[in-house]
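Here is the structure we will look at.
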Amino acid sequence: MGQGWEGRSRRDRVVTEYVGAALRRRFRPAFLRLTYPAPVDEQQPVTLVLGPRGSGKSTLLRHLRTAWDDVPASLQDVAVHRQRGATCFDVLAEVVFDLHARKRGWPRLTFPSFGVQAVAIRADVPLDSRKAAARAMVRALAPAPADGGDGAFLNRLVEAAGMLGVPALLRAPLLLVPGGRRALALGLARLRLGRALRDSRHRSYLDYLVDLKKRFHDPATRRGAEQDLARAFLDDLCRAYGRGHAARVHDTRCLVLLDNAEHQLGGDLLELLLDARQDREESTGAQPRRPGEPGEPAGRTDPLVVLAAAAAYPKALKKPALGYKPQPGRYPGWWDPEDPAFRPKRLAPGLCVGQLRDLRRDEVEAQALEVLRADGTAAESAAEGDGGDGVGDSGDSGGGGDVGELLPDAGVKWLGWAVYEVTRGHPLATRHLFDELLATDDRQPWETRVQRALAPDSPLVTALLERLLPRDARETGLWDALPRCAAATDLARAVAAGPLWAEGETALRNAVGAFSGDVLQTMHVRTRDSAADGPLQTLHPLLRLLLLRRLEATGGWRHAHEALRLDAAERGLPEIEAYHRLALEDLHAAARFLNDRFGGADAVRWCRLLVRLRRAPVRARIHAHAPQADSPQQRYEGLLGFLSTDEVESRERTVTRLLVASWMAPEPAESPETDHVGDPYRNPLEDLYGQLYGEINARFMTLAYGPFGGGTPALLDQARQYEEKPGE
């Protein structure tokens with residue numbers, strides 16, 4: 001797993017196919033390529049890919065850059081440029097430099113108009129005197145051989161790289177003639193400015209370049225200068241693709257990948273490209289061409305495919321013209337987990353938005369297969385006793401096989417299920433957990449490896465929280481506040497719970513409220529069933545598990561759940577109060593609440609209440625360096641020790657055993673009738689092999705057929721869910 005899984009999951013392959021389809025131009029037979037110019041292709045919209053931290057955006061972009069290395073491509077990290085104080089022009093210059101790289105079988109892309117304007121921007125030109133500025137601009141465009149700094153940027157973007165597109169046979173003899181170098185450079189500068197000069201109010205190309213530099217260095221007018229540069233960039237691309245030999249062989253567009261585009265710089269850059277494209281559509285061919293000027297690029301579309309990844313919707317794009325109307329907690333382009341294709345939503349003619357989904361269980365199982373192969377050992381179960389029906393029981397009906405031995409296919413399914421249940425397919429957590437399992441002592445059973453990897457004092461828990469929480473979580477106080485807030489079923493309930501907050505924590509409380517309103521920060525799970533997903537302020541089950549582990553490690557477990565229990569009691573919410581009593585291991589009170597509501601005609605509602613209670617957090621029973629935890633059966637009997645001493649009537653005893661066993665055991669197959677509780681939390685770590693499933697099944701059967709009454713069909717349906725072991 002050390003080599004990385006990114007790019008090989010089905011999810012990433014689907015996005016790669018989406019990009020590949022956008023890159024391919026219209027197919028034409030070879031004989032047509034020799035006789036007719038390239039047809040005008042449909043403009044490819046900018047695609048913005050949204051995903052929370054750790055969703056694999058950066059690794060996906062790196063994979064795309066590698067997968068399409070044979071075409072002109074550029075990958076830019078906006079966060080790195082932002083740290084350097086870069087502008088949109090600086091990022092465009094890096095893109096131009098990458099697209100200019102020589103590719104086998106490709107005519108080299110040249111950027112003459114952008115190159116000249118880039119030199120003007122970087123030139124050391126005094127702006128207090130127009131005459132002095134013009135002379136300095138001449139020196140910058142055509143530096144003497146001994147000149148240094150003024151021509152450095154030109155040498156990189158224009159002269160040394162041949163970006164002006166002058167044939168070498170023409171360039172070489174002119175450079176040997178005294179003054180030929182300067183005459184060539186100045187003549188090309190005038191010629192290559194093209195539409196930029198024609199559309200401006202200046203008659204002299206030197207005046208235009210001086211004015212461009214002046215506007216660029218004035219914050220009030222910089223945007224207009226950057227728009228000129230973006231239009232020049234697109235014009236050059238269209239010209240490179242639109243005529244001659246290049247038009248015949250350029251059968252693939254070029255690719256620009258932008259990472260961390262949620263920053264202001266990323267949003268400004270995307271807006272700049274969108275505006276430049278719109279300007280081209282409105283003005284191409286509208287103005288007459290002056291004699292001697294190069295022709296306009298063919299068509300109004302450019303051969304650019306832009307894919308930007310962001311952990312938040314860029315503020316620069318939140319404007320009605322692009323069709324985006326902010327909705328609390330919602331972002332466009334949701335990817336249905338059952339949809340095999342990546343289908344971004346088109347917000348405007350030039351912009352599509354799509355969200356990266358988590359990995360599905362089958363994709364996690366594919367990684368589990370590689371882990372088992374790399375480990376070289378069979379997954380072993382700690383299940384002993386329990387009638388020999390542990391997962392992977394290879395014996396016949398007599399149970400004579402070795403309970404601890406898993407068949408290869410069963411091992412893959414079980415390990416894939418276990419990791420998926422914990423991470424819910426979160427790409428970063430899935431990869432790191434598998435890596436941790438491989439790095440663990442292979443003499444330990446697999447369930448012990450998983451439990452130790454996610455123990456409260458495990459370094460993996462802290463490392464994942466560092467990656468998933470906002471980068472400024474420690475500075476804003478979220479690092480310490482979110483663990484206790486995670487004790488609540490959702491963050492909205494935590495923010496509203498007065499006993500959870502100390503006096504003077506108003507600002508921190510507001511910060512948690514702001515955090516809870518952004519589903520790309522809470523990593524809120526969204527499926528087709530919103531009633532099961534919970535409100536928008538519901539944390540991703542993985543993120544909540546990690547925060548609860550930290551809450552336990554810092555000793556705040558009892559305080560947080562007790563505060564939330566008190567708040568629920570004050571608000572008259574007995575169901576939520578029982579939920580936190582169970583988390584506090586006040587089993588008698590929680591079971592009595594459930595028992596008091598048993599009976600009547602609505603057994604489905606009672607089962608739904610049980611589902612809500614069984615998802616209460618359970619404390620870990622193992623530490624990162626512990627050899628092995630007690631078996632689930634031992635822990636179960638230990639928690640129920642009070643039943644042997646207290647006077648508990650028969651039905652309440654059965655309900656208590658059912659509640660505690662289902663609380664500790666993994667979730668069974670989903671039941672739409674009872675899972676609509678708005679709490680997607682999962683924690684299978686206490687009983688990874690479902691050893692308590694038999695106990696749960698038996699207690700449901702007792703309630704269904706015993707003398708207690710109740711709705712027999714609903715209880716039997718629940719019992720059947722526990723007939724198959726986890727991972728089967």
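Quick note on naming: the chains in the structure tokens go A, B, ... in the order shown, residues restart at 1 in each chain, and ligands are numbered from 1 in order of appearance.
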
If you count only C-alpha atoms, which residues fall within 7 Å of segment 425-429 of chain A, apart from same-chain ones fewer than 4 positions away, as a PDB file with all heavy atoms, in the first residue's frame?
```pdb
ATOM      1  N   GLY A  54      -8.923  15.472   2.766  1.00  0.00           N
ATOM      2  CA  GLY A  54      -8.683  14.038   2.808  1.00  0.00           C
ATOM      3  C   GLY A  54      -9.493  13.234   1.824  1.00  0.00           C
ATOM      4  O   GLY A  54      -9.425  12.004   1.828  1.00  0.00           O
ATOM      5  N   SER A  55     -10.268  13.890   0.973  1.00  0.00           N
ATOM      6  CA  SER A  55     -11.096  13.147   0.026  1.00  0.00           C
ATOM      7  C   SER A  55     -10.319  12.693  -1.208  1.00  0.00           C
ATOM      8  O   SER A  55     -10.893  12.038  -2.080  1.00  0.00           O
ATOM      9  CB  SER A  55     -12.295  14.003  -0.411  1.00  0.00           C
ATOM     10  OG  SER A  55     -11.863  15.231  -0.975  1.00  0.00           O
ATOM     11  N   GLY A  56      -9.043  13.032  -1.293  1.00  0.00           N
ATOM     12  CA  GLY A  56      -8.218  12.542  -2.390  1.00  0.00           C
ATOM     13  C   GLY A  56      -8.137  13.469  -3.581  1.00  0.00           C
ATOM     14  O   GLY A  56      -7.777  13.032  -4.679  1.00  0.00           O
ATOM     15  N   ASP A 358     -17.178   9.454  -1.409  1.00  0.00           N
ATOM     16  CA  ASP A 358     -16.329   8.505  -0.704  1.00  0.00           C
ATOM     17  C   ASP A 358     -16.267   7.199  -1.491  1.00  0.00           C
ATOM     18  O   ASP A 358     -17.072   6.950  -2.392  1.00  0.00           O
ATOM     19  CB  ASP A 358     -16.864   8.238   0.701  1.00  0.00           C
ATOM     20  CG  ASP A 358     -16.606   9.404   1.651  1.00  0.00           C
ATOM     21  OD1 ASP A 358     -15.682  10.197   1.383  1.00  0.00           O
ATOM     22  OD2 ASP A 358     -17.330   9.516   2.659  1.00  0.00           O
ATOM     23  N   LEU A 359     -15.324   6.339  -1.116  1.00  0.00           N
ATOM     24  CA  LEU A 359     -15.206   5.045  -1.766  1.00  0.00           C
ATOM     25  C   LEU A 359     -16.365   4.147  -1.351  1.00  0.00           C
ATOM     26  O   LEU A 359     -16.836   4.196  -0.212  1.00  0.00           O
ATOM     27  CB  LEU A 359     -13.878   4.383  -1.387  1.00  0.00           C
ATOM     28  CG  LEU A 359     -12.607   5.173  -1.698  1.00  0.00           C
ATOM     29  CD1 LEU A 359     -11.388   4.399  -1.222  1.00  0.00           C
ATOM     30  CD2 LEU A 359     -12.501   5.473  -3.183  1.00  0.00           C
ATOM     31  N   ARG A 360     -16.805   3.326  -2.280  1.00  0.00           N
ATOM     32  CA  ARG A 360     -17.831   2.339  -1.956  1.00  0.00           C
ATOM     33  C   ARG A 360     -17.169   1.118  -1.310  1.00  0.00           C
ATOM     34  O   ARG A 360     -15.958   0.950  -1.329  1.00  0.00           O
ATOM     35  CB  ARG A 360     -18.601   1.935  -3.209  1.00  0.00           C
ATOM     36  CG  ARG A 360     -19.398   3.055  -3.850  1.00  0.00           C
ATOM     37  CD  ARG A 360     -20.414   2.463  -4.828  1.00  0.00           C
ATOM     38  NE  ARG A 360     -19.760   1.631  -5.814  1.00  0.00           N
ATOM     39  CZ  ARG A 360     -19.463   2.031  -7.061  1.00  0.00           C
ATOM     40  NH1 ARG A 360     -19.765   3.243  -7.451  1.00  0.00           N
ATOM     41  NH2 ARG A 360     -18.879   1.213  -7.896  1.00  0.00           N
ATOM     42  N   ARG A 361     -18.012   0.259  -0.772  1.00  0.00           N
ATOM     43  CA  ARG A 361     -17.462  -0.905  -0.071  1.00  0.00           C
ATOM     44  C   ARG A 361     -16.666  -1.805  -1.012  1.00  0.00           C
ATOM     45  O   ARG A 361     -15.621  -2.341  -0.625  1.00  0.00           O
ATOM     46  CB  ARG A 361     -18.601  -1.703   0.592  1.00  0.00           C
ATOM     47  CG  ARG A 361     -18.093  -2.941   1.326  1.00  0.00           C
ATOM     48  CD  ARG A 361     -19.201  -3.692   2.029  1.00  0.00           C
ATOM     49  NE  ARG A 361     -18.744  -5.001   2.461  1.00  0.00           N
ATOM     50  CZ  ARG A 361     -19.508  -5.892   3.078  1.00  0.00           C
ATOM     51  NH1 ARG A 361     -20.767  -5.590   3.349  1.00  0.00           N
ATOM     52  NH2 ARG A 361     -19.029  -7.067   3.425  1.00  0.00           N
ATOM     53  N   VAL A 364     -13.241  -0.467  -1.331  1.00  0.00           N
ATOM     54  CA  VAL A 364     -12.434  -0.734  -0.138  1.00  0.00           C
ATOM     55  C   VAL A 364     -12.011  -2.198  -0.110  1.00  0.00           C
ATOM     56  O   VAL A 364     -10.883  -2.525   0.282  1.00  0.00           O
ATOM     57  CB  VAL A 364     -13.213  -0.358   1.131  1.00  0.00           C
ATOM     58  CG1 VAL A 364     -12.420  -0.699   2.385  1.00  0.00           C
ATOM     59  CG2 VAL A 364     -13.559   1.128   1.122  1.00  0.00           C
ATOM     60  N   TYR A 420     -14.341  -0.486   5.938  1.00  0.00           N
ATOM     61  CA  TYR A 420     -15.395   0.384   5.397  1.00  0.00           C
ATOM     62  C   TYR A 420     -16.329   0.866   6.500  1.00  0.00           C
ATOM     63  O   TYR A 420     -16.745   2.033   6.516  1.00  0.00           O
ATOM     64  CB  TYR A 420     -16.186  -0.347   4.321  1.00  0.00           C
ATOM     65  CG  TYR A 420     -17.325   0.478   3.772  1.00  0.00           C
ATOM     66  CD1 TYR A 420     -17.089   1.490   2.842  1.00  0.00           C
ATOM     67  CD2 TYR A 420     -18.629   0.275   4.211  1.00  0.00           C
ATOM     68  CE1 TYR A 420     -18.128   2.264   2.354  1.00  0.00           C
ATOM     69  CE2 TYR A 420     -19.673   1.043   3.729  1.00  0.00           C
ATOM     70  CZ  TYR A 420     -19.414   2.040   2.803  1.00  0.00           C
ATOM     71  OH  TYR A 420     -20.442   2.808   2.336  1.00  0.00           O
ATOM     72  N   LEU A 433      -5.352   3.665   7.379  1.00  0.00           N
ATOM     73  CA  LEU A 433      -5.672   2.532   8.237  1.00  0.00           C
ATOM     74  C   LEU A 433      -5.086   1.250   7.664  1.00  0.00           C
ATOM     75  O   LEU A 433      -4.514   0.429   8.408  1.00  0.00           O
ATOM     76  CB  LEU A 433      -7.190   2.409   8.398  1.00  0.00           C
ATOM     77  CG  LEU A 433      -7.681   1.281   9.309  1.00  0.00           C
ATOM     78  CD1 LEU A 433      -7.022   1.355  10.682  1.00  0.00           C
ATOM     79  CD2 LEU A 433      -9.201   1.320   9.437  1.00  0.00           C
ATOM     80  N   LEU A 464      -4.803  11.654  11.760  1.00  0.00           N
ATOM     81  CA  LEU A 464      -5.969  11.841  10.897  1.00  0.00           C
ATOM     82  C   LEU A 464      -6.727  13.115  11.244  1.00  0.00           C
ATOM     83  O   LEU A 464      -7.194  13.831  10.352  1.00  0.00           O
ATOM     84  CB  LEU A 464      -6.894  10.631  10.998  1.00  0.00           C
ATOM     85  CG  LEU A 464      -6.409   9.351  10.310  1.00  0.00           C
ATOM     86  CD1 LEU A 464      -7.360   8.197  10.577  1.00  0.00           C
ATOM     87  CD2 LEU A 464      -6.249   9.560   8.812  1.00  0.00           C
TER      88      LEU A 464
END
```

- request: Tell me which protein, DNA and RNA residues are within 8 Å of Val461 of chain A, counting only C-alpha atoms, leaving out same-chain ones fewer than 4 positions away, and put them as a ChimeraX atom specification.
  value: /A:453-457,465,546,549-550

query: Distance atom CA of Leu317 of chain A-atom CA of Leu270 of chain A, one decimal place?
result: 7.9 Å

task: Please identify all polymer residues within 6 Å of segment 687-694 of chain A, counting only C-alpha atoms, omitting same-chain residues fewer than 3 positions from it, and present them as number ranges by chain.
output: A: 632, 665, 684, 697, 722, 725

Selected residues written out, N, CA and C atoms, as a short mmCIF file (atom, residue, chain, number, x, y, z; two decimals), in the first residue's frame:
```
data_model
loop_
_atom_site.label_atom_id
_atom_site.label_comp_id
_atom_site.auth_asym_id
_atom_site.auth_seq_id
_atom_site.Cartn_x
_atom_site.Cartn_y
_atom_site.Cartn_z
N PRO A 632 -15.51 -9.95 23.24
CA PRO A 632 -16.80 -9.26 23.37
C PRO A 632 -17.73 -9.94 24.37
N ALA A 665 -22.37 -4.60 19.50
CA ALA A 665 -22.17 -5.34 18.26
C ALA A 665 -22.17 -4.40 17.06
N PRO A 684 -17.98 -0.51 14.91
CA PRO A 684 -17.99 -1.97 15.03
C PRO A 684 -16.81 -2.52 15.82
N ASN A 697 -30.08 -12.08 18.33
CA ASN A 697 -31.14 -12.83 17.65
C ASN A 697 -32.04 -13.54 18.65
N TYR A 722 -29.74 -10.35 12.11
CA TYR A 722 -28.56 -10.81 12.85
C TYR A 722 -28.26 -12.28 12.59
N LYS A 725 -23.35 -13.11 9.59
CA LYS A 725 -22.24 -12.46 10.28
C LYS A 725 -21.76 -11.23 9.49
#
```

- prompt: What lies within 8 Å of segment 50-53 of chain A using only C-alpha atoms, ignoring chain neighbours under 2 positions off, as number ranges by chain?
  reply: A: 48, 55-57, 309-313, 353-357, 467-469, 520-521, 523

message: Report as number ranges by chain all protein, DNA and RNA residues lying within 10 Å of segment 566-568 of chain A, evaluated on only C-alpha atoms, omitting residues in the same chain fewer than 4 positions from it.
response: A: 493-494, 496-500, 561-562, 572-580

Go ahead and save the residues from that selection, with all heavy atoms, as a tab-separated table (two decimals), in the first residue's frame.
```
chain	number	residue	atom	x	y	z
A	493	ARG	N	-27.12	20.29	18.01
A	493	ARG	CA	-27.55	19.99	19.37
A	493	ARG	C	-26.45	20.35	20.37
A	493	ARG	O	-26.72	20.81	21.48
A	493	ARG	CB	-27.91	18.49	19.48
A	493	ARG	CG	-28.70	18.15	20.73
A	493	ARG	CD	-29.09	16.67	20.69
A	493	ARG	NE	-29.93	16.35	19.57
A	493	ARG	CZ	-31.24	16.52	19.55
A	493	ARG	NH1	-31.86	17.04	20.60
A	493	ARG	NH2	-31.95	16.19	18.49
A	494	ALA	N	-25.19	20.15	19.96
A	494	ALA	CA	-24.08	20.49	20.85
A	494	ALA	C	-23.99	21.99	21.06
A	494	ALA	O	-23.75	22.46	22.18
A	494	ALA	CB	-22.77	19.95	20.28
A	496	ALA	N	-26.36	24.13	20.95
A	496	ALA	CA	-27.51	24.59	21.73
A	496	ALA	C	-27.47	24.13	23.18
A	496	ALA	O	-28.25	24.63	24.00
A	496	ALA	CB	-28.80	24.12	21.08
A	497	ALA	N	-26.61	23.18	23.52
A	497	ALA	CA	-26.57	22.62	24.87
A	497	ALA	C	-25.78	23.55	25.80
A	497	ALA	O	-24.54	23.54	25.79
A	497	ALA	CB	-25.95	21.22	24.84
A	498	GLY	N	-26.49	24.33	26.61
A	498	GLY	CA	-25.83	25.26	27.51
A	498	GLY	C	-24.87	24.61	28.48
A	498	GLY	O	-23.75	25.12	28.69
A	499	PRO	N	-25.22	23.49	29.14
A	499	PRO	CA	-24.29	22.87	30.10
A	499	PRO	C	-22.96	22.43	29.50
A	499	PRO	O	-22.02	22.17	30.25
A	499	PRO	CB	-25.09	21.66	30.62
A	499	PRO	CG	-26.52	22.02	30.39
A	499	PRO	CD	-26.53	22.83	29.13
A	500	LEU	N	-22.90	22.33	28.18
A	500	LEU	CA	-21.66	21.88	27.54
A	500	LEU	C	-20.63	23.00	27.44
A	500	LEU	O	-19.45	22.75	27.18
A	500	LEU	CB	-21.97	21.34	26.14
A	500	LEU	CG	-20.90	20.52	25.42
A	500	LEU	CD1	-20.59	19.25	26.20
A	500	LEU	CD2	-21.36	20.16	24.00
A	561	HIS	N	-20.81	13.89	28.09
A	561	HIS	CA	-22.09	13.17	28.01
A	561	HIS	C	-23.01	13.55	29.16
A	561	HIS	O	-24.25	13.59	28.97
A	561	HIS	CB	-21.83	11.66	28.00
A	561	HIS	CG	-21.36	11.15	26.68
A	561	HIS	ND1	-22.19	10.99	25.59
A	561	HIS	CD2	-20.12	10.77	26.25
A	561	HIS	CE1	-21.51	10.53	24.56
A	561	HIS	NE2	-20.25	10.38	24.93
A	562	GLU	N	-22.46	13.84	30.33
A	562	GLU	CA	-23.30	14.26	31.43
A	562	GLU	C	-23.93	15.62	31.15
A	562	GLU	O	-25.11	15.87	31.45
A	562	GLU	CB	-22.49	14.31	32.72
A	562	GLU	CG	-23.28	14.67	33.97
A	562	GLU	CD	-24.36	13.64	34.28
A	562	GLU	OE1	-24.21	12.46	33.90
A	562	GLU	OE2	-25.37	14.04	34.91
A	572	GLY	N	-36.81	18.22	28.01
A	572	GLY	CA	-37.86	17.22	27.92
A	572	GLY	C	-37.67	16.25	26.77
A	572	GLY	O	-38.63	15.93	26.06
A	573	LEU	N	-36.43	15.77	26.58
A	573	LEU	CA	-36.12	14.83	25.51
A	573	LEU	C	-35.63	13.53	26.13
A	573	LEU	O	-34.42	13.26	26.21
A	573	LEU	CB	-35.05	15.42	24.58
A	573	LEU	CG	-35.41	16.74	23.89
A	573	LEU	CD1	-34.19	17.30	23.16
A	573	LEU	CD2	-36.57	16.54	22.92
A	574	PRO	N	-36.54	12.69	26.59
A	574	PRO	CA	-36.11	11.46	27.29
A	574	PRO	C	-35.32	10.50	26.40
A	574	PRO	O	-34.46	9.77	26.89
A	574	PRO	CB	-37.43	10.84	27.75
A	574	PRO	CG	-38.48	11.42	26.83
A	574	PRO	CD	-38.00	12.80	26.52
A	575	GLU	N	-35.61	10.50	25.11
A	575	GLU	CA	-34.88	9.60	24.20
A	575	GLU	C	-33.41	9.98	24.15
A	575	GLU	O	-32.53	9.11	24.21
A	575	GLU	CB	-35.51	9.68	22.81
A	575	GLU	CG	-34.81	8.85	21.76
A	575	GLU	CD	-35.45	9.02	20.40
A	575	GLU	OE1	-36.67	9.30	20.34
A	575	GLU	OE2	-34.74	8.88	19.39
A	576	ILE	N	-33.12	11.28	24.02
A	576	ILE	CA	-31.74	11.74	23.98
A	576	ILE	C	-31.07	11.56	25.34
A	576	ILE	O	-29.88	11.23	25.43
A	576	ILE	CB	-31.67	13.21	23.53
A	576	ILE	CG1	-32.32	13.37	22.15
A	576	ILE	CG2	-30.23	13.70	23.49
A	576	ILE	CD1	-31.68	12.54	21.07
A	577	GLU	N	-31.84	11.74	26.41
A	577	GLU	CA	-31.29	11.53	27.75
A	577	GLU	C	-30.87	10.07	27.93
A	577	GLU	O	-29.78	9.78	28.46
A	577	GLU	CB	-32.32	11.91	28.81
A	577	GLU	CG	-31.80	11.81	30.23
A	577	GLU	CD	-32.85	12.18	31.26
A	577	GLU	OE1	-33.99	12.48	30.87
A	577	GLU	OE2	-32.51	12.15	32.46
A	578	ALA	N	-31.70	9.14	27.47
A	578	ALA	CA	-31.34	7.72	27.57
A	578	ALA	C	-30.12	7.40	26.70
A	578	ALA	O	-29.29	6.56	27.06
A	578	ALA	CB	-32.54	6.86	27.15
A	579	TYR	N	-30.02	8.06	25.57
A	579	TYR	CA	-28.87	7.88	24.67
A	579	TYR	C	-27.57	8.18	25.42
A	579	TYR	O	-26.60	7.40	25.36
A	579	TYR	CB	-29.06	8.81	23.48
A	579	TYR	CG	-27.97	8.84	22.44
A	579	TYR	CD1	-28.02	8.02	21.32
A	579	TYR	CD2	-26.90	9.73	22.55
A	579	TYR	CE1	-27.04	8.07	20.35
A	579	TYR	CE2	-25.91	9.79	21.58
A	579	TYR	CZ	-25.99	8.96	20.48
A	579	TYR	OH	-25.01	9.01	19.52
A	580	HIS	N	-27.52	9.30	26.13
A	580	HIS	CA	-26.29	9.66	26.83
A	580	HIS	C	-26.11	8.85	28.11
A	580	HIS	O	-24.97	8.63	28.54
A	580	HIS	CB	-26.29	11.16	27.12
A	580	HIS	CG	-26.17	12.00	25.88
A	580	HIS	ND1	-25.01	12.05	25.14
A	580	HIS	CD2	-27.07	12.79	25.23
A	580	HIS	CE1	-25.19	12.85	24.10
A	580	HIS	NE2	-26.43	13.30	24.13
```

- request: Please measure the separation of atom CA of Pro219 of chain A and atom CA of His81 of chain A, giving the value in Å to one decimal.
  value: 18.3 Å
